[in-house]
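Trainee: Structure supplied as data13.txt; contents: compact mmCIF, C-alpha atoms (C1' of nucleotides).
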```
# COMPACT_ATOMS: atom_id res chain seq x y z
CA MET X 1 29.22 -30.88 -13.29
CA SER X 2 26.20 -31.82 -15.35
CA GLU X 3 24.99 -28.68 -17.05
CA ARG X 4 22.14 -30.13 -19.01
CA PRO X 5 20.39 -27.28 -20.78
CA LEU X 6 16.68 -27.66 -20.19
CA PRO X 7 14.34 -27.54 -23.12
CA ARG X 8 12.90 -24.13 -23.63
CA ALA X 9 9.28 -24.97 -22.84
CA GLU X 10 10.12 -26.70 -19.60
CA ARG X 11 12.42 -23.94 -18.51
CA ARG X 12 9.68 -21.45 -19.09
CA ARG X 13 7.20 -23.54 -17.12
CA LYS X 14 9.55 -23.85 -14.18
CA THR X 15 10.35 -20.16 -14.08
CA GLU X 16 6.69 -19.24 -14.20
CA GLY X 17 6.05 -21.70 -11.41
CA ARG X 18 8.80 -20.21 -9.27
CA ILE X 19 7.35 -16.75 -9.76
CA LEU X 20 3.85 -17.90 -8.86
CA ASP X 21 5.08 -19.70 -5.74
CA ALA X 22 7.04 -16.68 -4.60
CA ALA X 23 4.07 -14.41 -5.29
CA ARG X 24 1.66 -16.64 -3.40
CA GLU X 25 3.95 -16.76 -0.40
CA LEU X 26 4.47 -13.01 -0.29
CA PHE X 27 0.82 -12.18 -0.92
CA ALA X 28 -0.14 -14.57 1.88
CA GLU X 29 2.42 -13.10 4.22
CA VAL X 30 2.04 -9.37 3.78
CA GLY X 31 -0.90 -8.84 1.45
CA PHE X 32 -1.29 -7.23 -1.94
CA GLU X 33 -0.17 -3.68 -1.22
CA ARG X 34 3.04 -4.53 0.63
CA THR X 35 4.04 -7.16 -1.88
CA THR X 36 6.18 -5.60 -4.59
CA ILE X 37 6.92 -7.03 -7.99
CA ARG X 38 10.55 -6.45 -7.18
CA ALA X 39 10.35 -8.58 -4.04
CA VAL X 40 8.58 -11.37 -5.89
CA ALA X 41 11.24 -11.28 -8.58
CA ARG X 42 14.00 -11.37 -5.98
CA ALA X 43 12.43 -14.36 -4.25
CA ALA X 44 12.05 -16.15 -7.56
CA GLU X 45 15.60 -15.17 -8.57
CA VAL X 46 14.42 -13.41 -11.66
CA ASP X 47 14.37 -9.93 -13.11
CA PRO X 48 11.34 -7.80 -12.18
CA ALA X 49 10.65 -7.12 -15.84
CA LEU X 50 10.19 -10.82 -16.45
CA VAL X 51 7.32 -10.93 -14.02
CA MET X 52 5.63 -8.21 -16.00
CA GLN X 53 6.34 -9.94 -19.29
CA TYR X 54 4.70 -13.13 -18.06
CA PHE X 55 1.75 -11.70 -16.20
CA GLY X 56 1.22 -8.26 -17.62
CA SER X 57 0.47 -6.51 -14.35
CA LYS X 58 0.67 -6.94 -10.61
CA GLN X 59 -3.09 -7.28 -10.55
CA GLU X 60 -3.01 -10.16 -13.00
CA LEU X 61 -0.17 -11.82 -11.10
CA PHE X 62 -2.30 -11.68 -7.99
CA ARG X 63 -5.27 -13.13 -9.85
CA ARG X 64 -3.22 -16.04 -11.14
CA ALA X 65 -1.50 -16.63 -7.81
CA VAL X 66 -4.59 -16.84 -5.65
CA ARG X 67 -6.71 -19.01 -7.92
CA VAL X 68 -8.66 -20.82 -5.22
CA THR X 69 -9.69 -24.41 -5.74
CA PRO X 70 -13.44 -24.57 -5.20
CA ALA X 71 -13.64 -27.46 -2.71
CA PRO X 72 -15.37 -30.36 -4.41
CA ASP X 73 -17.88 -31.81 -1.97
CA ALA X 74 -21.18 -33.50 -2.61
CA GLY X 75 -24.51 -33.18 -0.88
CA LEU X 76 -24.35 -33.92 2.83
CA ASP X 77 -26.78 -34.06 5.70
CA ALA X 78 -26.50 -31.52 8.48
CA ASP X 79 -24.25 -33.55 10.78
CA GLY X 80 -21.98 -34.61 7.99
CA LEU X 81 -21.74 -30.97 6.98
CA VAL X 82 -20.52 -29.86 10.38
CA ASP X 83 -17.90 -32.58 10.40
CA HIS X 84 -16.88 -31.55 6.93
CA LEU X 85 -16.46 -27.92 7.95
CA LEU X 86 -14.45 -28.86 11.00
CA ALA X 87 -12.29 -31.15 8.90
CA THR X 88 -11.66 -28.24 6.58
CA LEU X 89 -10.51 -26.32 9.61
CA THR X 90 -8.11 -29.10 10.49
CA VAL X 91 -6.72 -29.10 7.01
CA LYS X 92 -6.43 -25.36 7.15
CA ILE X 93 -4.42 -25.49 10.31
CA GLY X 94 -1.96 -27.88 8.79
CA GLU X 95 -1.43 -26.37 5.39
CA LEU X 96 -4.28 -24.46 3.92
CA PRO X 97 -3.61 -23.84 0.27
CA GLN X 98 -1.50 -20.72 0.30
CA GLY X 99 -3.61 -19.16 -2.42
CA SER X 100 -6.55 -18.98 -0.06
CA LEU X 101 -4.42 -17.42 2.63
CA ALA X 102 -3.20 -14.87 0.14
CA MET X 103 -6.75 -13.96 -0.77
CA MET X 104 -7.84 -13.76 2.85
CA ARG X 105 -4.84 -11.66 3.79
CA SER X 106 -5.79 -9.03 1.27
CA MET X 107 -9.57 -9.23 1.40
CA LEU X 108 -10.00 -6.29 3.76
CA THR X 109 -7.78 -3.86 1.91
CA HIS X 110 -7.71 -4.84 -1.74
CA PRO X 111 -10.93 -4.31 -3.70
CA GLU X 112 -10.52 -7.26 -6.04
CA ALA X 113 -9.50 -9.59 -3.25
CA ALA X 114 -12.59 -8.45 -1.39
CA ALA X 115 -14.79 -9.25 -4.35
CA SER X 116 -13.12 -12.59 -4.75
CA ALA X 117 -13.55 -13.38 -1.06
CA ARG X 118 -17.21 -12.40 -1.14
CA GLU X 119 -17.71 -14.70 -4.07
CA ALA X 120 -15.96 -17.62 -2.42
CA LEU X 121 -17.92 -17.09 0.79
CA ALA X 122 -21.17 -16.84 -1.13
CA ARG X 123 -20.42 -20.17 -2.78
CA GLN X 124 -19.69 -21.69 0.59
CA ILE X 125 -22.89 -20.23 2.03
CA ASP X 126 -24.84 -21.74 -0.85
CA ARG X 127 -23.35 -25.15 -0.28
CA VAL X 128 -23.96 -25.05 3.45
CA ALA X 129 -27.49 -23.77 3.01
CA GLU X 130 -28.31 -26.74 0.80
CA SER X 131 -27.40 -29.13 3.57
CA ILE X 132 -29.43 -27.65 6.39
CA PRO X 133 -33.20 -27.57 6.68
CA GLY X 134 -35.50 -24.85 7.88
CA GLU X 135 -36.79 -21.42 7.06
CA ASP X 136 -33.82 -19.07 7.39
CA ALA X 137 -31.30 -21.64 6.21
CA ARG X 138 -29.34 -19.11 4.22
CA LEU X 139 -28.83 -16.80 7.13
CA ARG X 140 -27.79 -19.64 9.39
CA ALA X 141 -25.47 -20.89 6.67
CA ALA X 142 -23.94 -17.44 6.49
CA LEU X 143 -23.37 -17.42 10.21
CA MET X 144 -21.72 -20.83 10.12
CA THR X 145 -19.50 -19.58 7.34
CA VAL X 146 -18.39 -16.41 9.09
CA ILE X 147 -17.77 -18.40 12.25
CA MET X 148 -15.35 -20.53 10.31
CA LEU X 149 -13.94 -17.38 8.80
CA GLY X 150 -13.39 -15.84 12.22
CA VAL X 151 -11.63 -18.91 13.53
CA THR X 152 -9.41 -19.09 10.48
CA VAL X 153 -8.56 -15.41 10.59
CA GLY X 154 -7.80 -15.55 14.30
CA HIS X 155 -5.74 -18.67 13.91
CA GLN X 156 -3.96 -18.33 10.58
CA LEU X 157 -3.66 -14.62 10.02
CA LEU X 158 -3.67 -13.00 13.42
CA GLU X 159 -2.02 -16.02 14.98
CA LEU X 160 -3.69 -15.70 18.34
CA ASP X 161 -1.76 -17.63 20.96
CA GLU X 162 -4.82 -19.24 22.49
CA LEU X 163 -5.74 -20.86 19.18
CA ARG X 164 -2.20 -21.64 18.12
CA GLU X 165 -1.52 -23.58 21.29
CA ALA X 166 -4.62 -25.75 21.10
CA PRO X 167 -4.47 -29.05 19.21
CA GLN X 168 -6.68 -29.09 16.16
CA GLU X 169 -9.00 -31.81 17.45
CA GLU X 170 -9.63 -29.76 20.55
CA LEU X 171 -10.72 -26.81 18.45
CA ALA X 172 -13.00 -29.03 16.40
CA ARG X 173 -14.44 -30.65 19.53
CA LEU X 174 -15.21 -27.31 21.18
CA LEU X 175 -16.54 -25.73 18.03
CA ARG X 176 -18.85 -28.57 16.99
CA PRO X 177 -21.77 -27.68 19.31
CA SER X 178 -21.64 -24.07 18.17
CA LEU X 179 -21.99 -25.08 14.55
CA ARG X 180 -24.62 -27.72 15.28
CA ALA X 181 -26.68 -25.08 16.99
CA LEU X 182 -27.06 -23.44 13.60
CA THR X 183 -28.01 -26.47 11.55
CA ALA X 184 -31.62 -26.36 12.67
CA PRO X 185 -34.00 -23.48 13.29
CA PRO X 186 -33.80 -22.46 16.95
CA ALA X 187 -36.69 -23.02 19.33
CA PRO X 188 -38.65 -19.75 19.48
CA MET O 1 -22.07 37.46 6.94
CA SER O 2 -20.74 36.96 10.43
CA GLU O 3 -17.05 36.29 10.10
CA ARG O 4 -16.19 35.95 13.72
CA PRO O 5 -12.52 35.04 14.00
CA LEU O 6 -12.25 32.06 16.30
CA PRO O 7 -9.83 32.15 19.17
CA ARG O 8 -6.57 30.50 18.25
CA ALA O 9 -6.78 27.56 20.64
CA GLU O 10 -10.25 26.61 19.59
CA ARG O 11 -9.40 26.91 15.93
CA ARG O 12 -6.50 24.59 16.44
CA ARG O 13 -8.66 22.06 18.30
CA LYS O 14 -11.26 22.06 15.56
CA THR O 15 -8.74 21.61 12.79
CA GLU O 16 -7.09 18.75 14.58
CA GLY O 17 -10.49 17.18 15.10
CA ARG O 18 -11.34 17.50 11.44
CA ILE O 19 -8.10 15.82 10.48
CA LEU O 20 -8.66 12.97 12.93
CA ASP O 21 -12.22 12.44 11.72
CA ALA O 22 -11.14 12.37 8.10
CA ALA O 23 -8.30 10.00 8.91
CA ARG O 24 -10.55 7.65 10.84
CA GLU O 25 -13.03 7.53 8.01
CA LEU O 26 -10.43 6.85 5.36
CA PHE O 27 -8.53 4.32 7.44
CA ALA O 28 -11.80 2.50 8.12
CA GLU O 29 -12.77 2.58 4.49
CA VAL O 30 -9.62 1.58 2.66
CA GLY O 31 -7.06 0.68 5.30
CA PHE O 32 -3.66 2.06 6.23
CA GLU O 33 -1.72 1.53 3.01
CA ARG O 34 -4.29 2.99 0.64
CA THR O 35 -4.97 5.98 2.85
CA THR O 36 -2.65 8.82 1.91
CA ILE O 37 -1.79 11.83 3.99
CA ARG O 38 -2.75 13.89 0.98
CA ALA O 39 -6.22 12.38 0.83
CA VAL O 40 -6.74 12.93 4.56
CA ALA O 41 -5.67 16.53 4.15
CA ARG O 42 -7.99 17.00 1.21
CA ALA O 43 -10.93 15.56 3.15
CA ALA O 44 -10.15 17.80 6.10
CA GLU O 45 -9.66 20.78 3.79
CA VAL O 46 -6.16 21.37 4.98
CA ASP O 47 -2.63 21.31 3.64
CA PRO O 48 -0.89 17.92 3.76
CA ALA O 49 2.06 19.43 5.57
CA LEU O 50 -0.21 20.48 8.40
CA VAL O 51 -1.11 16.87 9.06
CA MET O 52 2.57 16.13 9.45
CA GLN O 53 3.06 19.15 11.65
CA TYR O 54 0.35 17.99 14.02
CA PHE O 55 0.99 14.27 14.07
CA GLY O 56 4.59 13.86 13.01
CA SER O 57 4.07 10.82 10.82
CA LYS O 58 1.40 8.78 9.11
CA GLN O 59 2.04 6.04 11.63
CA GLU O 60 1.38 8.35 14.52
CA LEU O 61 -1.74 9.75 12.84
CA PHE O 62 -3.03 6.21 12.54
CA ARG O 63 -2.24 5.53 16.19
CA ARG O 64 -4.12 8.62 17.30
CA ALA O 65 -7.03 8.00 14.95
CA VAL O 66 -7.76 4.42 15.97
CA ARG O 67 -7.49 4.81 19.72
CA VAL O 68 -10.01 2.17 20.68
CA THR O 69 -12.15 2.72 23.73
CA PRO O 70 -11.67 -0.32 25.96
CA ALA O 71 -15.28 -1.27 26.62
CA PRO O 72 -16.00 -0.71 30.30
CA ASP O 73 -17.91 -3.69 31.59
CA ALA O 74 -17.92 -5.33 34.99
CA GLY O 75 -17.92 -8.97 36.05
CA LEU O 76 -20.82 -10.92 34.61
CA ASP O 77 -22.10 -14.45 34.83
CA ALA O 78 -22.00 -16.61 31.72
CA ASP O 79 -25.47 -15.81 30.46
CA GLY O 80 -25.11 -12.13 31.05
CA LEU O 81 -21.84 -12.30 29.16
CA VAL O 82 -23.43 -13.77 26.07
CA ASP O 83 -26.10 -11.13 26.09
CA HIS O 84 -23.44 -8.51 26.51
CA LEU O 85 -21.47 -9.78 23.54
CA LEU O 86 -24.56 -9.92 21.37
CA ALA O 87 -25.53 -6.43 22.47
CA THR O 88 -22.09 -5.27 21.41
CA LEU O 89 -22.83 -6.80 18.05
CA THR O 90 -26.05 -4.86 17.83
CA VAL O 91 -24.25 -1.67 18.64
CA LYS O 92 -21.61 -2.52 16.08
CA ILE O 93 -24.16 -2.95 13.37
CA GLY O 94 -25.60 0.45 14.04
CA GLU O 95 -22.48 2.52 14.41
CA LEU O 96 -19.44 0.78 15.72
CA PRO O 97 -16.87 3.34 16.74
CA GLN O 98 -15.08 4.08 13.50
CA GLY O 99 -11.73 3.79 15.21
CA SER O 100 -12.34 0.09 15.77
CA LEU O 101 -13.34 -0.39 12.17
CA ALA O 102 -10.19 1.38 11.08
CA MET O 103 -8.09 -0.94 13.18
CA MET O 104 -9.90 -4.03 11.96
CA ARG O 105 -9.65 -2.94 8.35
CA SER O 106 -5.89 -2.80 8.58
CA MET O 107 -5.20 -5.63 10.99
CA LEU O 108 -4.35 -8.19 8.31
CA THR O 109 -1.94 -6.06 6.36
CA HIS O 110 -0.44 -3.49 8.69
CA PRO O 111 1.96 -4.82 11.33
CA GLU O 112 1.12 -2.29 13.99
CA ALA O 113 -2.61 -2.64 13.42
CA ALA O 114 -2.15 -6.38 13.74
CA ALA O 115 -0.35 -5.98 17.06
CA SER O 116 -3.02 -3.60 18.24
CA ALA O 117 -5.78 -5.98 17.21
CA ARG O 118 -4.11 -8.91 18.93
CA GLU O 119 -3.86 -6.85 22.07
CA ALA O 120 -7.50 -5.81 21.95
CA LEU O 121 -8.62 -9.36 21.29
CA ALA O 122 -6.44 -10.67 24.11
CA ARG O 123 -8.08 -8.20 26.48
CA GLN O 124 -11.48 -9.33 25.31
CA ILE O 125 -10.50 -12.97 25.72
CA ASP O 126 -9.36 -12.26 29.26
CA ARG O 127 -12.61 -10.58 30.13
CA VAL O 128 -14.69 -13.35 28.63
CA ALA O 129 -12.59 -16.06 30.27
CA GLU O 130 -13.23 -14.50 33.66
CA SER O 131 -16.95 -14.91 33.23
CA ILE O 132 -17.09 -18.54 32.21
CA PRO O 133 -16.28 -21.56 34.39
CA GLY O 134 -14.44 -24.74 33.56
CA GLU O 135 -11.07 -26.08 32.62
CA ASP O 136 -10.26 -24.70 29.19
CA ALA O 137 -12.07 -21.43 29.77
CA ARG O 138 -9.43 -19.42 27.98
CA LEU O 139 -9.66 -21.44 24.83
CA ARG O 140 -13.42 -21.30 24.82
CA ALA O 141 -13.25 -17.58 25.46
CA ALA O 142 -10.93 -17.24 22.49
CA LEU O 143 -13.37 -19.11 20.29
CA MET O 144 -16.25 -16.93 21.41
CA THR O 145 -14.15 -13.90 20.62
CA VAL O 146 -13.15 -14.99 17.14
CA ILE O 147 -16.75 -15.96 16.43
CA MET O 148 -17.73 -12.38 17.16
CA LEU O 149 -14.79 -11.25 15.09
CA GLY O 150 -15.91 -13.35 12.15
CA VAL O 151 -19.44 -12.04 12.30
CA THR O 152 -18.22 -8.46 12.50
CA VAL O 153 -15.75 -8.87 9.66
CA GLY O 154 -18.34 -10.55 7.48
CA HIS O 155 -20.94 -7.95 8.29
CA GLN O 156 -19.07 -4.67 8.59
CA LEU O 157 -16.02 -5.09 6.41
CA LEU O 158 -16.94 -7.63 3.76
CA GLU O 159 -20.56 -6.54 3.84
CA LEU O 160 -21.99 -9.93 3.04
CA ASP O 161 -25.53 -9.57 1.76
CA GLU O 162 -26.92 -12.36 3.91
CA LEU O 163 -25.84 -10.59 7.07
CA ARG O 164 -26.64 -7.10 5.87
CA GLU O 165 -30.21 -8.02 5.12
CA ALA O 166 -30.96 -9.63 8.44
CA PRO O 167 -32.28 -7.49 11.29
CA GLN O 168 -29.87 -7.25 14.18
CA GLU O 169 -32.12 -9.03 16.66
CA GLU O 170 -32.36 -11.95 14.29
CA LEU O 171 -28.60 -12.27 14.20
CA ALA O 172 -28.40 -12.12 17.96
CA ARG O 173 -31.19 -14.67 18.33
CA LEU O 174 -29.54 -17.16 15.95
CA LEU O 175 -26.09 -16.62 17.36
CA ARG O 176 -26.98 -16.95 21.03
CA PRO O 177 -27.05 -20.77 21.17
CA SER O 178 -23.68 -20.94 19.43
CA LEU O 179 -22.10 -18.71 22.03
CA ARG O 180 -23.87 -20.41 24.94
CA ALA O 181 -22.45 -23.69 23.75
CA LEU O 182 -19.03 -22.35 24.65
CA THR O 183 -19.78 -20.96 28.09
CA ALA O 184 -19.50 -24.37 29.72
CA PRO O 185 -17.15 -27.29 29.12
CA PRO O 186 -18.74 -29.67 26.60
CA ALA O 187 -19.89 -33.09 27.61
CA PRO O 188 -17.09 -35.50 26.67
C1' DT S 1 25.59 -23.77 -39.89
C1' DC S 2 23.01 -19.88 -39.54
C1' DG S 3 19.18 -16.95 -39.09
C1' DT S 4 15.08 -16.84 -36.10
C1' DT S 5 12.57 -16.79 -32.18
C1' DG S 6 11.56 -16.80 -27.49
C1' DA S 7 13.44 -16.38 -22.69
C1' DT S 8 15.66 -13.20 -19.89
C1' DT S 9 18.00 -8.92 -18.38
C1' DC S 10 19.27 -3.80 -18.36
C1' DA S 11 18.27 0.77 -17.79
C1' DA S 12 15.12 4.12 -17.26
C1' DC S 13 10.64 6.70 -17.04
C1' DG S 14 6.84 8.89 -14.79
C1' DA S 15 3.92 9.01 -11.00
C1' DG S 16 2.74 9.09 -6.23
C1' DC S 17 4.18 8.77 -1.83
C1' DG S 18 5.88 10.45 3.07
C1' DT S 19 8.27 14.02 4.64
C1' DA S 20 11.02 18.58 5.60
C1' DG S 21 11.92 23.46 5.88
C1' DA S 22 11.26 28.00 4.60
C1' DG S 23 7.75 31.42 4.07
C1' DC S 24 3.19 33.68 4.72
C1' DT S 25 -0.65 35.64 7.56
C1' DG S 26 -3.46 37.29 10.93
C1' DA S 27 -4.63 36.94 16.07
C1' DA S 28 -2.33 38.03 20.63
C1' DG S 29 -0.32 41.03 23.70
C1' DG S 30 2.15 45.03 25.18
C1' DC B 1 0.45 50.55 16.49
C1' DC B 2 3.85 47.49 16.25
C1' DT B 3 6.13 43.17 17.40
C1' DT B 4 5.70 38.39 18.15
C1' DC B 5 4.38 34.01 17.41
C1' DA B 6 1.29 30.16 16.41
C1' DG B 7 -1.44 28.22 12.74
C1' DC B 8 -1.05 27.27 8.27
C1' DT B 9 0.67 26.88 3.26
C1' DC B 10 4.12 26.43 -0.61
C1' DT B 11 7.56 24.08 -2.72
C1' DA B 12 10.45 20.59 -3.26
C1' DC B 13 13.44 16.52 -2.09
C1' DG B 14 14.30 11.69 -2.16
C1' DC B 15 12.55 7.31 -2.50
C1' DT B 16 10.03 3.37 -4.20
C1' DC B 17 6.85 1.69 -6.99
C1' DG B 18 4.67 -0.42 -11.43
C1' DT B 19 5.75 -0.50 -15.84
C1' DT B 20 8.19 -0.20 -20.55
C1' DG B 21 11.25 -0.81 -24.61
C1' DA B 22 15.55 -1.90 -26.16
C1' DA B 23 19.34 -5.08 -25.63
C1' DT B 24 21.35 -9.77 -24.73
C1' DC B 25 21.68 -14.55 -24.99
C1' DA B 26 20.80 -19.23 -25.78
C1' DA B 27 17.74 -22.91 -27.77
C1' DC B 28 15.46 -24.09 -31.89
C1' DG B 29 14.28 -25.29 -36.97
C1' DA B 30 15.72 -25.51 -41.57
```
As structure tokens, what does this structure read like?
Mentor:
Amino acid sequence: MSERPLPRAERRRKTEGRILDAARELFAEVGFERTTIRAVARAAEVDPALVMQYFGSKQELFRRAVRVTPAPDAGLDADGLVDHLLATLTVKIGELPQGSLAMMRSMLTHPEAAASAREALARQIDRVAESIPGEDARLRAALMTVIMLGVTVGHQLLELDELREAPQEELARLLRPSLRALTAPPAP
Amino acid sequence: MSERPLPRAERRRKTEGRILDAARELFAEVGFERTTIRAVARAAEVDPALVMQYFGSKQELFRRAVRVTPAPDAGLDADGLVDHLLATLTVKIGELPQGSLAMMRSMLTHPEAAASAREALARQIDRVAESIPGEDARLRAALMTVIMLGVTVGHQLLELDELREAPQEELARLLRPSLRALTAPPAP
DNA sequence: TCGTTGATTCAACGAGCGTAGAGCTGAAGG
DNA sequence: CCTTCAGCTCTACGCTCGTTGAATCAACGA
């Protein structure tokens, strides 16, 4: 059997990665409160104390695990924006970065996750608002954002049958008019 | 000072009510996990053991506290339905029954709250689906429901500034076209 | 080769939790 | 007035959690 001893640095990197993966998965599945350091350690096949040594606290582990990548997208016109949002939804359905799921799972019950979610949503609202014209663009952008939030929560976290069973393109097709309705100021 | 000793039955009723009110408030504010029996007891000015005596377990206290009133509404046509949903939103903004908030707060992290939320949403989807025509009525009803869910979560639980600042009628006005877009099958 | 250092584990602490059972107290009822 | 009993409190058990400091072990540098 080849028992090549890994170099120290690489070993450390891999272990830390295993811990972070395990943490992300558990946080996404059951949220911050129900995820225990001990369970993370077990899943990563590591001693609980090691998790503390590497990350200092459960809070910090959560912070590191849910680091959400801030969606790099350029300026779009209103129609392109809607397509972009719906595409995001499609991605989400397939395999939304687990870090985001972890944050969303905990955002209603964990103060820091809530703050983090508010921040991420505010960024998204800003981006959307830039792409749509009209007076109350920010408010309409917020509504578009929480609509996407509702769909994602219902689909990914609550796992509603009706949404689970529908193919992704169908969801996008049905949702498009609802989002478009918010890209321009409504007729009085 | 009038120190009229209350009759035993009434005293009991009032105490139980105080406990349930305190529980509802705490569950709505911080969710199931972070709400402790001890904190509920403190808020109700009662001994923790009494809470157990009355409700048997924290789980059962939660069940009793979040009993959600199942919205009595009759058959409506599509337009009436949209107005009804938006009116619900308006009510929610003012003072949504705290039991519902408590359930929603915990639905992502507490298994039983999740089941309860799924059930409530399924009922709502059924009711909405009955009022709209067309082939994939159920799916469209589900989307309308999660849209309302998203708005409520963003507004009531995450307390997004953009939604908090807007008057309720404005929200309803902007949201109406998005919901209407789902009451009929879309043009191919 | 050998001491050093960093990765990893062991064992335990202190706190907070849900919960249980015995005990107290004053209204109810004869 | 005295007994009874329901409403309520006191005290404590057992468990799990996050966290810590010492101990172990293997890779590294000289």
Trainee: Got a sec to pull out which chain O residues are within 10 Å of chain B, counting all atoms listed in the file, and send them as a list in words?
Mentor: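 Per the criterion, chain O yields Arg8, Ala9, Arg11, Arg12, Thr15, Val46, Asp47, Pro48, Ala49, Leu50 and Gln53 of chain O.
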Trainee: What's the 10 Å shell around O:Glu169, counting all atoms listed in the file, without same-chain residues fewer than 4 positions away, as an NGL selection string?
Mentor: :O and (86-87 or 89-90 or 173-175)
Trainee: Using only C-alpha atoms (C1' of nucleotides), which protein or nucleic acid residues come within 8 Å of O:Gly150? Drop anything in the same chain fewer than 6 positions from it, and give the result as a list of chain:residue names.
Mentor: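 The neighbour list is X:Val146, X:Ile147, X:Met148, X:Leu149, X:Gly150, X:Val151, X:Val153.
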Trainee: Work out how far apart atom CA of X:Pro185 and atom CA of X:Leu143 are and give it in Å to one decimal.
Mentor: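 One can read the atom CA of X:Pro185 to atom CA of X:Leu143 distance as 12.6 Å.
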Trainee: One decimal, Å: what's the distance from atom CA of O:Pro186 over to atom CA of O:Asp79, could you say?
Mentor: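 These atoms are spaced 15.9 Å apart.
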Trainee: Determine, counting all atoms listed in the file, which protein, DNA and RNA residues have an atom within 12 Å of an atom of stretch 38-42 of chain O; residues of the same chain fewer than 2 positions away are not included. Present the result as a ChimeraX atom specification.
Mentor: /O:15-27,29-30,32-36,44-54,58,61-62,65 /S:16-19
Trainee: Between S:DT8, S:DG3, S:DC13, S:DG26, which residue has the minimum interatomic distance to chain O, considering all atoms listed in the file?
Mentor: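 That would be S:DG26, the residue with the smallest distance to chain O.
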Trainee: Measuring between only C-alpha atoms, which one of O:Gly31, O:Pro111, O:Gly134, O:Gly80 shows the shortest distance to chain X?
Mentor: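 When distances to chain X are compared using only C-alpha atoms, the smallest one comes from O:Gly31.
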Trainee: Could you tell me how far atom CA of X:Arg180 lies from atom CA of X:Met144, in Å and to one decimal?
Mentor: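 Answer for the atom CA of X:Arg180 to atom CA of X:Met144 separation: 9.1 Å.
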Trainee: Please extract stretch 5-25 of chain B and write it out with C-alpha atoms (C1' of nucleotides), as a CSV table (one decimal), in the first residue's frame.
Mentor:
```
chain,number,residue,atom,x,y,z
B,5,DC,C1',-56.8,19.8,46.4
B,6,DA,C1',-55.4,22.6,42.5
B,7,DG,C1',-52.2,26.2,41.3
B,8,DC,C1',-47.7,27.2,41.8
B,9,DT,C1',-42.6,27.1,43.3
B,10,DC,C1',-38.1,25.0,44.7
B,11,DT,C1',-34.4,22.2,43.8
B,12,DA,C1',-32.0,19.3,41.3
B,13,DC,C1',-30.8,15.8,37.7
B,14,DG,C1',-28.8,14.5,33.4
B,15,DC,C1',-27.5,15.9,29.1
B,16,DT,C1',-25.2,18.4,25.5
B,17,DC,C1',-23.0,22.2,24.1
B,18,DG,C1',-18.8,25.4,23.1
B,19,DT,C1',-14.6,25.8,24.6
B,20,DT,C1',-9.8,25.0,26.7
B,21,DG,C1',-5.1,23.3,28.0
B,22,DA,C1',-2.2,19.7,28.3
B,23,DA,C1',-0.5,15.6,25.9
B,24,DT,C1',0.8,13.0,21.6
B,25,DC,C1',2.8,12.3,17.3
```
